[in-house]
>>> print(open('data_36.cif').read())   # mmCIF, C-alpha atoms
data_query
#
loop_
_atom_site.label_atom_id
_atom_site.label_comp_id
_atom_site.auth_asym_id
_atom_site.auth_seq_id
_atom_site.Cartn_x
_atom_site.Cartn_y
_atom_site.Cartn_z
CA MET A 1 0.00 0.00 0.00
CA LYS A 2 1.36 3.37 -0.99
CA LEU A 3 1.61 6.08 1.61
CA ASN A 4 2.38 9.76 1.09
CA GLU A 5 5.74 9.32 2.75
CA ARG A 6 7.22 12.65 1.79
CA SER A 7 4.30 14.43 3.41
CA LEU A 8 4.57 12.21 6.44
CA ALA A 9 8.23 13.05 6.79
CA PHE A 10 7.38 16.72 6.48
CA TYR A 11 4.70 16.45 9.16
CA ALA A 12 7.20 14.71 11.43
CA THR A 13 9.91 17.31 11.07
CA CYS A 14 8.05 20.60 10.63
CA ASP A 15 7.65 22.88 13.60
CA SER A 16 4.03 22.09 14.34
CA PRO A 17 3.71 21.27 18.06
CA ALA A 18 4.66 17.79 19.16
CA ASP A 19 2.52 16.15 21.82
CA ASN A 20 5.54 14.45 23.28
CA SER A 21 9.14 13.86 22.33
CA GLY A 22 12.19 12.24 23.79
CA PHE A 23 14.55 9.29 23.69
CA LEU A 24 13.09 5.84 24.10
CA TYR A 25 14.54 2.40 23.67
CA LYS A 26 12.73 0.41 21.05
CA ARG A 27 12.96 -3.34 20.95
CA GLY A 28 13.63 -4.79 17.55
CA GLU A 29 11.11 -7.00 15.82
CA ARG A 30 13.19 -10.03 15.13
CA HIS A 31 16.11 -9.43 17.44
CA THR A 32 15.37 -8.50 21.02
CA ALA A 33 18.09 -5.89 21.25
CA TYR A 34 16.92 -2.40 22.15
CA HIS A 35 17.82 0.56 20.00
CA ARG A 36 17.78 4.08 21.33
CA ARG A 37 15.71 6.30 19.08
CA TRP A 38 14.38 9.84 19.17
CA PHE A 39 10.59 9.69 19.28
CA VAL A 40 8.17 12.43 18.28
CA LEU A 41 4.45 12.11 18.89
CA LYS A 42 2.18 14.26 16.72
CA GLY A 43 -1.50 13.59 16.83
CA ASN A 44 -2.06 9.87 16.27
CA MET A 45 1.35 9.32 14.67
CA LEU A 46 4.41 8.24 16.59
CA PHE A 47 7.54 8.94 14.56
CA TYR A 48 10.99 7.68 15.43
CA PHE A 49 14.34 8.95 14.25
CA GLU A 50 17.79 7.46 14.43
CA GLU A 51 19.11 10.64 15.97
CA ARG A 52 17.46 13.76 17.35
CA GLU A 53 18.92 15.74 14.47
CA SER A 54 17.96 13.27 11.75
CA ARG A 55 16.15 14.92 8.90
CA GLU A 56 13.81 12.05 8.23
CA PRO A 57 12.16 9.51 10.49
CA VAL A 58 13.22 5.89 10.29
CA GLY A 59 9.63 4.91 10.79
CA VAL A 60 6.21 5.73 12.15
CA ILE A 61 3.66 3.89 14.23
CA VAL A 62 0.05 4.75 13.40
CA LEU A 63 -1.54 4.72 16.83
CA GLU A 64 -5.22 4.63 16.00
CA GLY A 65 -6.90 1.80 17.88
CA CYS A 66 -3.92 0.87 20.04
CA ASN A 67 -3.69 -0.04 23.71
CA VAL A 68 -0.81 0.98 25.90
CA GLU A 69 0.31 -1.41 28.61
CA LEU A 70 3.15 -1.85 31.04
CA CYS A 71 5.23 -4.89 30.48
CA ASP A 72 7.76 -7.10 32.18
CA SER A 73 11.19 -6.28 31.03
CA ALA A 74 14.65 -6.43 32.44
CA GLU A 75 15.07 -3.02 30.93
CA GLY A 76 12.79 -1.31 33.43
CA PHE A 77 10.45 1.58 32.64
CA ALA A 78 9.13 -0.51 29.77
CA PHE A 79 5.71 -0.32 28.18
CA ALA A 80 4.06 -1.74 25.11
CA ILE A 81 1.87 -0.48 22.32
CA ARG A 82 -0.51 -3.24 21.35
CA PHE A 83 -3.08 -3.56 18.63
CA GLY A 84 -6.21 -5.68 18.35
CA GLY A 85 -5.45 -7.99 15.45
CA THR A 86 -4.19 -11.51 15.96
CA LYS A 87 -1.06 -11.05 13.91
CA SER A 88 -0.38 -7.53 15.07
CA ARG A 89 3.06 -6.62 16.15
CA THR A 90 3.54 -5.33 19.68
CA TYR A 91 5.93 -2.43 20.02
CA VAL A 92 7.96 -2.62 23.19
CA LEU A 93 9.47 0.65 24.32
CA ALA A 94 11.43 1.63 27.38
CA ALA A 95 11.89 5.07 28.85
CA GLU A 96 14.88 6.34 30.79
CA SER A 97 13.01 7.28 33.95
CA GLN A 98 9.73 6.70 35.70
CA ALA A 99 8.57 10.21 34.97
CA ALA A 100 9.30 9.79 31.28
CA MET A 101 7.55 6.44 31.20
CA GLU A 102 4.42 7.84 32.84
CA SER A 103 4.43 10.82 30.56
CA TRP A 104 4.65 8.62 27.47
CA VAL A 105 2.03 6.17 28.64
CA LYS A 106 -0.36 9.03 29.31
CA SER A 107 0.21 10.84 26.05
CA LEU A 108 0.09 7.66 23.95
CA SER A 109 -3.12 6.48 25.62
CA ARG A 110 -4.83 9.68 24.54
CA ALA A 111 -3.29 10.00 21.11
CA SER A 112 -6.12 8.69 18.97
CA PHE A 113 -8.08 10.81 16.56
CA ASP A 114 -11.25 9.29 17.98
CA TYR A 115 -10.41 10.51 21.44
CA MET A 116 -9.65 14.02 20.26
CA ARG A 117 -12.88 14.07 18.32
CA LEU A 118 -14.85 13.08 21.42
CA VAL A 119 -13.30 15.84 23.49
CA VAL A 120 -14.04 18.40 20.78
CA ARG A 121 -17.64 17.23 20.44
CA GLU A 122 -18.09 17.46 24.18
CA LEU A 123 -16.75 21.01 24.37
CA GLU A 124 -18.73 22.01 21.33
CA LYS A 125 -21.88 20.78 23.02
CA GLN A 126 -21.02 22.55 26.27
CA LEU A 127 -20.48 25.80 24.42
CA GLN A 128 -23.71 25.37 22.51
CA ASP A 129 -25.63 24.66 25.71
CA MET A 130 -24.17 27.74 27.31
CA ARG A 131 -25.04 29.96 24.39
CA LEU A 132 -28.56 28.60 24.17
CA GLY A 133 -28.84 29.19 27.87
CA LEU A 134 -27.87 32.82 27.40
CA ALA A 135 -30.16 33.37 24.45
CA GLY A 136 -33.22 31.45 25.57
CA GLY A 137 -33.65 32.40 29.17
CA CYS A 138 -34.09 29.78 31.86
CA GLY A 139 -35.63 26.35 32.27
CA GLY A 140 -39.01 25.61 30.80
CA SER A 141 -40.61 29.01 30.53
CA TRP A 142 -40.28 30.95 27.30
CA LYS A 143 -39.34 34.48 28.03
CA PRO A 144 -39.38 37.17 25.39
CA LYS A 145 -35.95 37.32 23.84
CA PRO A 146 -34.06 40.30 22.54
CA PRO A 147 -34.49 40.38 18.76
CA GLY A 148 -30.82 39.86 17.92
CA LEU A 149 -30.57 36.49 19.64
CA GLU A 150 -33.83 35.11 18.31
CA GLN A 151 -32.53 33.43 15.21
CA SER A 152 -30.41 30.63 16.56
CA ARG A 153 -32.18 27.75 18.15
CA GLU A 154 -30.25 25.02 16.44
CA ARG A 155 -26.93 26.60 15.64
CA LEU A 156 -24.39 28.54 17.58
CA PRO A 157 -24.91 32.23 16.91
CA ALA A 158 -22.22 34.45 15.51
CA LEU A 159 -19.75 31.74 14.49
CA PRO A 160 -18.64 32.76 11.04
CA ALA A 161 -18.48 29.82 8.68
CA ILE A 162 -15.09 30.59 7.26
CA PRO A 163 -13.62 27.31 6.15
CA PRO A 164 -9.94 26.85 6.86
CA LYS A 165 -7.96 27.34 3.71
CA GLU A 166 -5.67 24.48 4.41
CA ASN A 167 -6.24 21.31 6.23
CA GLY A 168 -4.31 21.53 9.44
CA CYS A 169 -2.66 24.70 8.29
CA ALA A 170 -4.85 27.62 9.16
CA VAL A 171 -2.20 29.00 11.47
CA TRP A 172 0.34 28.84 8.70
CA ASP A 173 0.37 31.23 5.81
CA ASN A 174 -1.89 30.23 2.98
CA VAL A 175 0.44 31.58 0.36
CA VAL A 176 1.69 28.69 -1.68
CA GLY A 177 5.26 27.81 -0.90
CA ALA A 178 5.70 30.26 1.94
CA GLU A 179 5.76 29.24 5.55
CA GLN A 180 5.14 31.63 8.41
CA PRO A 181 5.91 31.07 12.05
CA PRO A 182 2.83 29.63 13.76
CA ASP A 183 0.30 32.05 15.07
CA THR A 184 0.50 32.45 18.82
CA SER A 185 -3.19 33.03 19.30
CA GLY A 186 -3.36 29.35 18.80
CA CYS A 187 -6.54 29.08 16.89
CA GLY A 188 -7.51 29.54 13.32
CA GLY A 189 -6.18 31.90 10.73
CA HIS A 190 -6.73 35.57 10.51
CA ASP A 191 -9.03 37.47 8.23
CA GLU A 192 -8.02 40.62 6.42
CA ASP A 193 -8.20 42.96 9.38
CA GLY A 194 -6.27 40.61 11.62
CA SER A 195 -8.91 39.46 14.06
CA PRO A 196 -8.78 35.74 14.79
CA ARG A 197 -11.35 33.52 13.09
CA PRO A 198 -12.61 30.48 14.88
CA PRO A 199 -12.47 27.22 12.99
CA PRO A 200 -15.86 26.04 11.73
CA LEU A 201 -17.71 23.43 13.73
CA PRO A 202 -16.72 19.86 13.07
CA PRO A 203 -19.50 18.10 11.17
CA ARG A 204 -21.91 15.95 13.07
CA ARG A 205 -21.49 12.41 11.97
CA ARG A 206 -24.46 11.00 10.10
CA VAL A 207 -26.12 8.02 11.67
CA SER A 208 -24.75 5.35 9.35
CA ASN A 209 -24.30 2.34 11.55
CA SER A 210 -24.88 1.33 15.13
CA GLU A 211 -21.22 1.35 16.01
CA ALA A 212 -20.86 4.90 14.83
CA THR A 213 -24.02 5.96 16.61
CA SER A 214 -23.03 4.58 19.96
CA ALA A 215 -19.55 6.00 19.72
CA MET A 216 -20.85 9.37 18.66
CA ALA A 217 -23.70 9.57 21.14
CA GLU A 218 -23.50 13.14 22.20
CA SER A 219 -24.40 12.73 25.79
CA PRO A 220 -22.07 13.89 28.55
CA SER A 221 -22.48 10.49 30.18
CA THR A 222 -20.87 8.66 27.25
CA PHE A 223 -17.99 11.07 27.24
CA CYS A 224 -17.65 10.94 31.03
CA ARG A 225 -17.71 7.18 30.94
CA LEU A 226 -14.98 7.09 28.34
CA HIS A 227 -12.97 9.51 30.37
CA GLU A 228 -13.43 7.48 33.47
CA GLN A 229 -12.21 4.56 31.51
CA TYR A 230 -9.07 6.33 30.38
CA SER A 231 -8.34 7.65 33.87
CA ARG A 232 -8.85 4.25 35.42
CA GLU A 233 -6.58 2.73 32.84
CA VAL A 234 -3.83 5.21 33.50
CA ALA A 235 -4.29 4.90 37.26
CA ARG A 236 -4.19 1.13 37.02
CA LEU A 237 -1.02 1.21 34.95
CA ARG A 238 0.59 3.51 37.45
CA GLN A 239 -0.47 1.32 40.36
CA ASP A 240 0.72 -1.72 38.51
CA TRP A 241 4.11 -0.18 37.99
CA GLN A 242 4.41 0.92 41.60
CA GLN A 243 3.53 -2.54 42.82
CA ARG A 244 6.18 -4.04 40.65
CA GLN A 245 8.69 -1.68 42.14
CA ARG A 246 7.74 -2.68 45.64
CA GLY A 247 7.15 -6.38 45.07
CA PRO A 248 9.76 -9.16 45.00
CA ARG A 249 11.88 -9.32 41.88
CA PRO A 250 12.22 -12.67 40.09
CA MET B 1 9.88 4.94 6.05
CA ARG B 2 8.71 1.95 8.01
CA TYR B 3 5.14 1.87 9.19
CA ASN B 4 2.71 -0.61 10.74
CA GLU B 5 0.98 -1.63 7.54
CA ARG B 6 -1.20 -4.26 9.15
CA GLU B 7 -2.82 -1.74 11.45
CA LEU B 8 -3.26 0.73 8.63
CA LEU B 9 -4.97 -1.96 6.54
CA SER B 10 -7.17 -2.72 9.50
CA LEU B 11 -8.04 0.96 9.78
CA ALA B 12 -9.00 0.95 6.11
CA ARG B 13 -11.63 -1.66 6.90
CA GLN B 14 -13.26 0.39 9.66
CA PRO B 15 -16.55 2.22 9.14
CA ALA B 16 -15.80 5.35 7.15
CA GLU B 17 -16.85 8.91 7.80
CA LYS B 18 -17.41 9.10 4.09
CA ALA B 19 -16.99 6.70 1.19
CA ALA B 20 -17.82 6.92 -2.48
CA GLU B 21 -16.76 5.85 -5.92
CA ILE B 22 -14.94 8.81 -7.35
CA ARG B 23 -12.63 9.19 -10.30
CA MET B 24 -9.16 9.96 -9.13
CA ARG B 25 -5.84 10.93 -10.64
CA VAL B 26 -2.52 10.75 -8.81
CA PRO B 27 0.22 13.35 -9.39
CA LYS B 28 2.37 11.15 -11.55
CA LYS B 29 3.38 11.94 -15.08
CA GLY B 30 0.96 10.50 -17.59
CA SER B 31 -1.58 9.34 -15.05
CA VAL B 32 -5.25 9.52 -15.92
CA LEU B 33 -8.51 9.64 -14.02
CA LYS B 34 -9.50 6.21 -12.78
CA LYS B 35 -12.56 5.09 -10.90
CA ARG B 36 -11.66 4.38 -7.30
CA LEU B 37 -13.43 3.64 -4.06
CA VAL B 38 -12.37 6.52 -1.85
CA LYS B 39 -12.81 6.17 1.89
CA LEU B 40 -12.24 8.68 4.67
CA VAL B 41 -11.37 7.15 8.04
CA VAL B 42 -10.12 9.46 10.81
CA ASN B 43 -7.31 11.49 9.21
CA PHE B 44 -6.59 9.05 6.41
CA LEU B 45 -8.00 8.95 2.91
CA PHE B 46 -7.79 5.41 1.54
CA TYR B 47 -8.32 4.61 -2.10
CA PHE B 48 -9.14 1.19 -3.54
CA ARG B 49 -9.64 -0.34 -6.92
CA THR B 50 -13.39 -0.76 -6.93
CA ASP B 51 -13.35 -4.55 -6.72
CA GLU B 52 -10.52 -5.02 -4.26
CA ALA B 53 -10.55 -5.37 -0.49
CA GLU B 54 -7.14 -3.88 0.13
CA PRO B 55 -6.42 -0.22 -0.62
CA ILE B 56 -3.91 0.77 -3.29
CA GLY B 57 -2.87 3.66 -1.13
CA ALA B 58 -3.50 5.99 1.77
CA LEU B 59 -3.06 9.71 2.23
CA LEU B 60 -2.44 11.12 5.69
CA LEU B 61 -4.46 14.32 5.69
CA GLU B 62 -2.20 16.56 7.77
CA HIS B 63 -0.80 19.83 6.44
CA CYS B 64 -2.67 19.43 3.21
CA ARG B 65 -4.69 21.82 1.14
CA ILE B 66 -8.11 20.91 -0.20
CA THR B 67 -8.93 23.00 -3.26
CA LYS B 68 -12.14 23.23 -5.21
CA GLU B 69 -11.08 23.10 -8.82
CA GLU B 70 -13.41 23.24 -11.80
CA GLU B 71 -16.95 21.89 -11.71
CA ASN B 72 -17.27 18.57 -9.84
CA VAL B 73 -13.53 18.51 -9.21
CA PHE B 74 -11.44 19.03 -6.10
CA SER B 75 -7.80 18.38 -5.38
CA ILE B 76 -5.61 17.50 -2.42
CA SER B 77 -2.06 18.76 -2.25
CA PHE B 78 0.47 18.90 0.55
CA ILE B 79 2.05 22.04 1.88
CA GLU B 80 5.60 21.09 1.05
CA GLU B 81 4.75 20.23 -2.57
CA PRO B 82 1.74 22.30 -3.57
CA GLU B 83 2.03 21.59 -7.30
CA ARG B 84 1.64 17.85 -6.81
CA LYS B 85 -2.10 17.41 -6.81
CA TYR B 86 -4.30 14.43 -6.26
CA CYS B 87 -7.40 15.18 -8.35
CA PHE B 88 -10.87 13.89 -7.71
CA GLU B 89 -13.76 14.15 -10.13
CA CYS B 90 -17.13 13.69 -8.45
CA ALA B 91 -20.44 12.72 -9.99
CA THR B 92 -22.12 15.96 -8.97
CA GLU B 93 -21.16 19.41 -7.76
CA GLU B 94 -23.01 18.68 -4.51
CA GLN B 95 -20.94 15.60 -3.86
CA CYS B 96 -17.83 17.60 -4.61
CA GLN B 97 -18.73 20.30 -2.06
CA GLU B 98 -19.52 17.67 0.57
CA TRP B 99 -16.12 16.03 0.15
CA VAL B 100 -14.31 19.35 0.24
CA GLU B 101 -16.00 20.26 3.52
CA ALA B 102 -15.44 16.83 5.05
CA LEU B 103 -11.77 16.68 4.06
CA LYS B 104 -11.01 20.16 5.37
CA ARG B 105 -12.13 19.03 8.79
CA ALA B 106 -10.46 15.65 8.67
CA SER B 107 -7.09 16.45 10.17
CA TYR B 108 -5.95 15.97 13.72
CA GLU B 109 -4.51 19.45 13.64
CA PHE B 110 -7.91 20.87 12.72
CA LEU B 111 -9.47 19.07 15.67
CA ARG B 112 -6.78 20.39 17.94
CA ARG B 113 -7.43 23.96 16.89
CA SER B 114 -11.18 23.48 17.35
CA LEU B 115 -10.60 22.16 20.81
CA ILE B 116 -8.35 25.04 21.77
CA PHE B 117 -10.93 27.46 20.41
CA TYR B 118 -13.85 25.92 22.33
CA ARG B 119 -11.81 25.60 25.48
CA ASN B 120 -10.88 29.25 25.27
CA GLU B 121 -14.46 30.35 24.58
CA ILE B 122 -15.83 28.35 27.49
CA GLN B 123 -13.13 29.66 29.75
CA LYS B 124 -13.97 33.22 28.75
CA MET B 125 -17.64 32.67 29.48
CA THR B 126 -17.37 30.75 32.71
CA GLY B 127 -13.94 31.62 34.03
CA LYS B 128 -13.30 27.89 34.35
CA ASP B 129 -11.26 25.50 32.28
CA PRO B 130 -13.67 22.87 30.91
CA LEU B 131 -10.90 20.29 30.72
CA GLU B 132 -10.16 20.41 34.42
CA GLN B 133 -12.98 18.12 35.44
CA TYR B 134 -11.53 15.44 33.15
CA GLY B 135 -8.05 15.88 34.55
CA ILE B 136 -6.51 16.68 31.19
CA SER B 137 -5.81 20.40 31.49
CA GLU B 138 -2.09 19.94 31.49
CA GLU B 139 -1.90 17.63 28.51
CA ALA B 140 0.48 19.07 25.97
CA ARG B 141 -1.90 18.49 23.10
CA PHE B 142 -4.56 20.78 24.53
CA GLN B 143 -2.44 23.83 25.19
CA LEU B 144 -3.15 27.27 23.85
CA GLY B 145 -0.62 28.57 21.44
CA THR B 146 2.28 26.61 20.12
CA HIS B 147 4.97 25.06 22.15
CA ARG B 148 8.35 24.32 20.69
CA GLN B 149 10.56 21.43 21.59
#
>>> encode(input="data_36.cif", output="structure tokens")
Amino acid sequence: MKLNERSLAFYATCDSPADNSGFLYKRGERHTAYHRRWFVLKGNMLFYFEERESREPVGVIVLEGCNVELCDSAEGFAFAIRFGGTKSRTYVLAAESQAAMESWVKSLSRASFDYMRLVVRELEKQLQDMRLGLAGGCGGSWKPKPPGLEQSRERLPALPAIPPKENGCAVWDNVVGAEQPPDTSGCGGHDEDGSPRPPPLPPRRRVSNSEATSAMAESPSTFCRLHEQYSREVARLRQDWQQRQRGPRP
Amino acid sequence: MRYNERELLSLARQPAEKAAEIRMRVPKKGSVLKKRLVKLVVNFLFYFRTDEAEPIGALLLEHCRITKEEENVFSISFIEEPERKYCFECATEEQCQEWVEALKRASYEFLRRSLIFYRNEIQKMTGKDPLEQYGISEEARFQLGTHRQ
């Protein structure tokens, strides 16, 4: 299967923010020797370089759908990235300190696109609820509203629908070939008079199949449950690790 | 560049945000429009020969530009090589617009910016950080502004 490798390499090395970076030991696939590599996590892609200064990654691990676990290893501070399939390879990595290990486990556990999408949907809903609350008065009774706020029952008012000019690049200059330093306001591009534009709302997923529906159920409880799950997972991993430290060594 | 192909193939089999048969042309000399099954899953665009189970290829949709070209046509190009365009010819103008909108929102970086925007707005309105209750306020990926290594 072809992959747009040049673009991937660019994504890995450009100055867009990394969600984590640092040296990790990576266990080889066939040989169990560990190799020290420079890792860069961006979004749901975990890139690894031979050296910190290398201009191109040696490889990338697509993290969507993975599980992160601690594992037994003489190396210490080791953890594994596992996938669901029967023949899937498990990536065993080892950090150089407990703090680094915990930091990586946390950031890798939350690296999926799906997770990010859930958080965004949740905040979008919160914001919408707040704005409706402001516009519509309280509880069940319908109070007369000021004329300006009347129009939006279904949509968020006053969010201009300016589509981003470039996917993932609204903070960068849209001039072809030129690259500007990222915008420090942190969100969206700028219009002509320089005021920040918010990105348009992510689309609501159409109800296409049951799996999608349940995952995309826009109730706070689903999101909270998922969050609980993640927190428990991370807490359990941490506890696990601490117990191993205290317990008898083989 | 090495990558976990098995997992990517597995991702290609997941339910798609959007899928359709669209004529596609890759930015290679002499290439022509060919009918492909095009499938958007998270921030990947997979493309298949219409009768095959395994994709021919995948495009990671980060730092790319989605451009509406002539009628029914849009293109995807990447910021470091803007002249190299993947062209897609849809059946209708409506379908074309739908794909353009969907693809513009399909990057992780777009989601990140949306999140930062909403977080900021909520914080301005309530004075509270909405991520605090989930214990993720300090996560690097949710921070306002850029942070360099």
>>> resolve_selection(input="data_36.cif", expression="the PyMOL selection byres ((chain B and resi 106) around 7)", output="PyMOL selection string")
chain B and resi 42-43+61+102-105+107-108
>>> closest_atom_pairs(input="data_36.cif", of="chain B", to="chain A", cutoff="6 Å", atoms="all atoms listed in the file", output="Markdown table")
| residue | atom | partner | partner_atom | distance |
| --- | --- | --- | --- | --- |
| B:Met1 | CA | A:Gly59 | CA | 4.7 |
| B:Arg2 | CA | A:Gly59 | CA | 4.2 |
| B:Tyr3 | CA | A:Val60 | CA | 5.0 |
| B:Asn4 | CA | A:Ile61 | CA | 5.8 |
| B:Ile56 | CA | A:Met1 | CA | 5.2 |
| B:Gly57 | CA | A:Lys2 | CA | 4.2 |
| B:Ala58 | CA | A:Leu3 | CA | 5.1 |
| B:Leu59 | CA | A:Asn4 | CA | 5.6 |
| B:Glu62 | CA | A:Gly168 | CA | 5.7 |
| B:His63 | CA | A:Gly168 | CA | 4.9 |
| B:Cys64 | CA | A:Asn167 | CA | 5.0 |
| B:Arg65 | CA | A:Glu166 | CA | 4.3 |
| B:Lys104 | CA | A:Asn167 | CA | 5.0 |
| B:Ser107 | CA | A:Gly168 | CA | 5.8 |
| B:Tyr108 | CA | A:Gly43 | CA | 5.9 |
| B:Glu109 | CA | A:Gly168 | CA | 4.7 |
| B:Phe110 | CA | A:Gly168 | CA | 4.9 |
| B:Arg113 | CA | A:Cys187 | CA | 5.2 |
| B:Ser114 | CA | A:Pro199 | CA | 5.9 |
| B:Leu115 | CA | A:Val120 | CA | 5.1 |
| B:Phe117 | CA | A:Cys187 | CA | 5.9 |
| B:Ala140 | CA | A:Asp19 | CA | 5.5 |
| B:Arg141 | CA | A:Asp19 | CA | 5.2 |
| B:Leu144 | CA | A:Gly186 | CA | 5.5 |
| B:Gly145 | CA | A:Gly186 | CA | 3.9 |
| B:Thr146 | CA | A:Pro17 | CA | 5.9 |
| B:His147 | CA | A:Pro17 | CA | 5.7 |
>>> atom_distance(input="data_36.cif", atom1="CA of Leu111 (chain B)", atom2="CA of Leu237 (chain A)")
27.6 Å
>>> residues_around(input="data_36.cif", residues="Glu233 (chain A)", least_positions_apart="6", cutoff="10 Å", atoms="only C-alpha atoms", output="compact mmCIF listing (two decimals) with C-alpha atoms, in the frame of the given file")
# COMPACT_ATOMS: atom_id res chain seq x y z
CA ASN A 67 -3.69 -0.04 23.71
CA VAL A 68 -0.81 0.98 25.90
CA GLU A 69 0.31 -1.41 28.61
CA LYS A 106 -0.36 9.03 29.31
CA SER A 109 -3.12 6.48 25.62
CA HIS A 227 -12.97 9.51 30.37
CA GLN A 239 -0.47 1.32 40.36
>>> resolve_selection(input="data_36.cif", expression="the PyMOL selection byres ((chain A and resi 28) around 12)", output="list of chain:residue names")
A:Tyr25, A:Lys26, A:Arg27, A:Glu29, A:Arg30, A:His31, A:Thr32, A:Ala33, A:Tyr34, A:His35, A:Arg36, A:Arg37, A:Arg89, A:Thr90, A:Tyr91, A:Val92, A:Leu93, A:Ala94
>>> write_last_selection(input="data_36.cif", atoms="C-alpha atoms", output="PDB file, in the frame of the given file")
ATOM      1  CA  TYR A  25      14.540   2.400  23.670  1.00  0.00           C
ATOM      2  CA  LYS A  26      12.730   0.410  21.050  1.00  0.00           C
ATOM      3  CA  ARG A  27      12.960  -3.340  20.950  1.00  0.00           C
ATOM      4  CA  GLU A  29      11.110  -7.000  15.820  1.00  0.00           C
ATOM      5  CA  ARG A  30      13.190 -10.030  15.130  1.00  0.00           C
ATOM      6  CA  HIS A  31      16.110  -9.430  17.440  1.00  0.00           C
ATOM      7  CA  THR A  32      15.370  -8.500  21.020  1.00  0.00           C
ATOM      8  CA  ALA A  33      18.090  -5.890  21.250  1.00  0.00           C
ATOM      9  CA  TYR A  34      16.920  -2.400  22.150  1.00  0.00           C
ATOM     10  CA  HIS A  35      17.820   0.560  20.000  1.00  0.00           C
ATOM     11  CA  ARG A  36      17.780   4.080  21.330  1.00  0.00           C
ATOM     12  CA  ARG A  37      15.710   6.300  19.080  1.00  0.00           C
ATOM     13  CA  ARG A  89       3.060  -6.620  16.150  1.00  0.00           C
ATOM     14  CA  THR A  90       3.540  -5.330  19.680  1.00  0.00           C
ATOM     15  CA  TYR A  91       5.930  -2.430  20.020  1.00  0.00           C
ATOM     16  CA  VAL A  92       7.960  -2.620  23.190  1.00  0.00           C
ATOM     17  CA  LEU A  93       9.470   0.650  24.320  1.00  0.00           C
ATOM     18  CA  ALA A  94      11.430   1.630  27.380  1.00  0.00           C
TER      19      ALA A  94
END
>>> residues_around(input="data_36.cif", residues="Ser75 (chain B)", least_positions_apart="6", cutoff="7 Å", atoms="all atoms listed in the file", output="PyMOL selection string")
chain B and resi 66-69+85-88
>>> atom_distance(input="data_36.cif", atom1="CA of Thr50 (chain B)", atom2="CA of Arg36 (chain B)")
5.4 Å
>>> atom_distance(input="data_36.cif", atom1="CA of Leu37 (chain B)", atom2="CA of Ala20 (chain B)")
5.7 Å
>>> residues_around(input="data_36.cif", residues="region 89-92 of chain B", least_positions_apart="3", cutoff="8 Å", atoms="all atoms listed in the file", output="PyMOL selection string")
chain B and resi 22-24+33+72-74+95-96
>>> write_last_selection(input="data_36.cif", atoms="C-alpha atoms", output="CSV table (one decimal), in the frame of the given file")
chain,number,residue,atom,x,y,z
B,22,ILE,CA,-14.9,8.8,-7.4
B,23,ARG,CA,-12.6,9.2,-10.3
B,24,MET,CA,-9.2,10.0,-9.1
B,33,LEU,CA,-8.5,9.6,-14.0
B,72,ASN,CA,-17.3,18.6,-9.8
B,73,VAL,CA,-13.5,18.5,-9.2
B,74,PHE,CA,-11.4,19.0,-6.1
B,95,GLN,CA,-20.9,15.6,-3.9
B,96,CYS,CA,-17.8,17.6,-4.6
>>> residues_around(input="data_36.cif", residues="Arg49 (chain B)", least_positions_apart="3", cutoff="9 Å", atoms="only C-alpha atoms", output="list in words")
Lys34, Lys35, Arg36, Leu37, Val38, Glu52, Ala53, Glu54, Pro55 and Ile56 of chain B
>>> resolve_selection(input="data_36.cif", expression="the PyMOL selection byres ((chain B and resi 17) around 6)", output="VMD selection string")
chain B and resid 16 18 40 to 41
>>> closest_residue(input="data_36.cif", among="A:Phe79, A:Thr86, A:Glu51, A:Cys71", to="Ser10 (chain B)", atoms="only C-alpha atoms")
A:Thr86
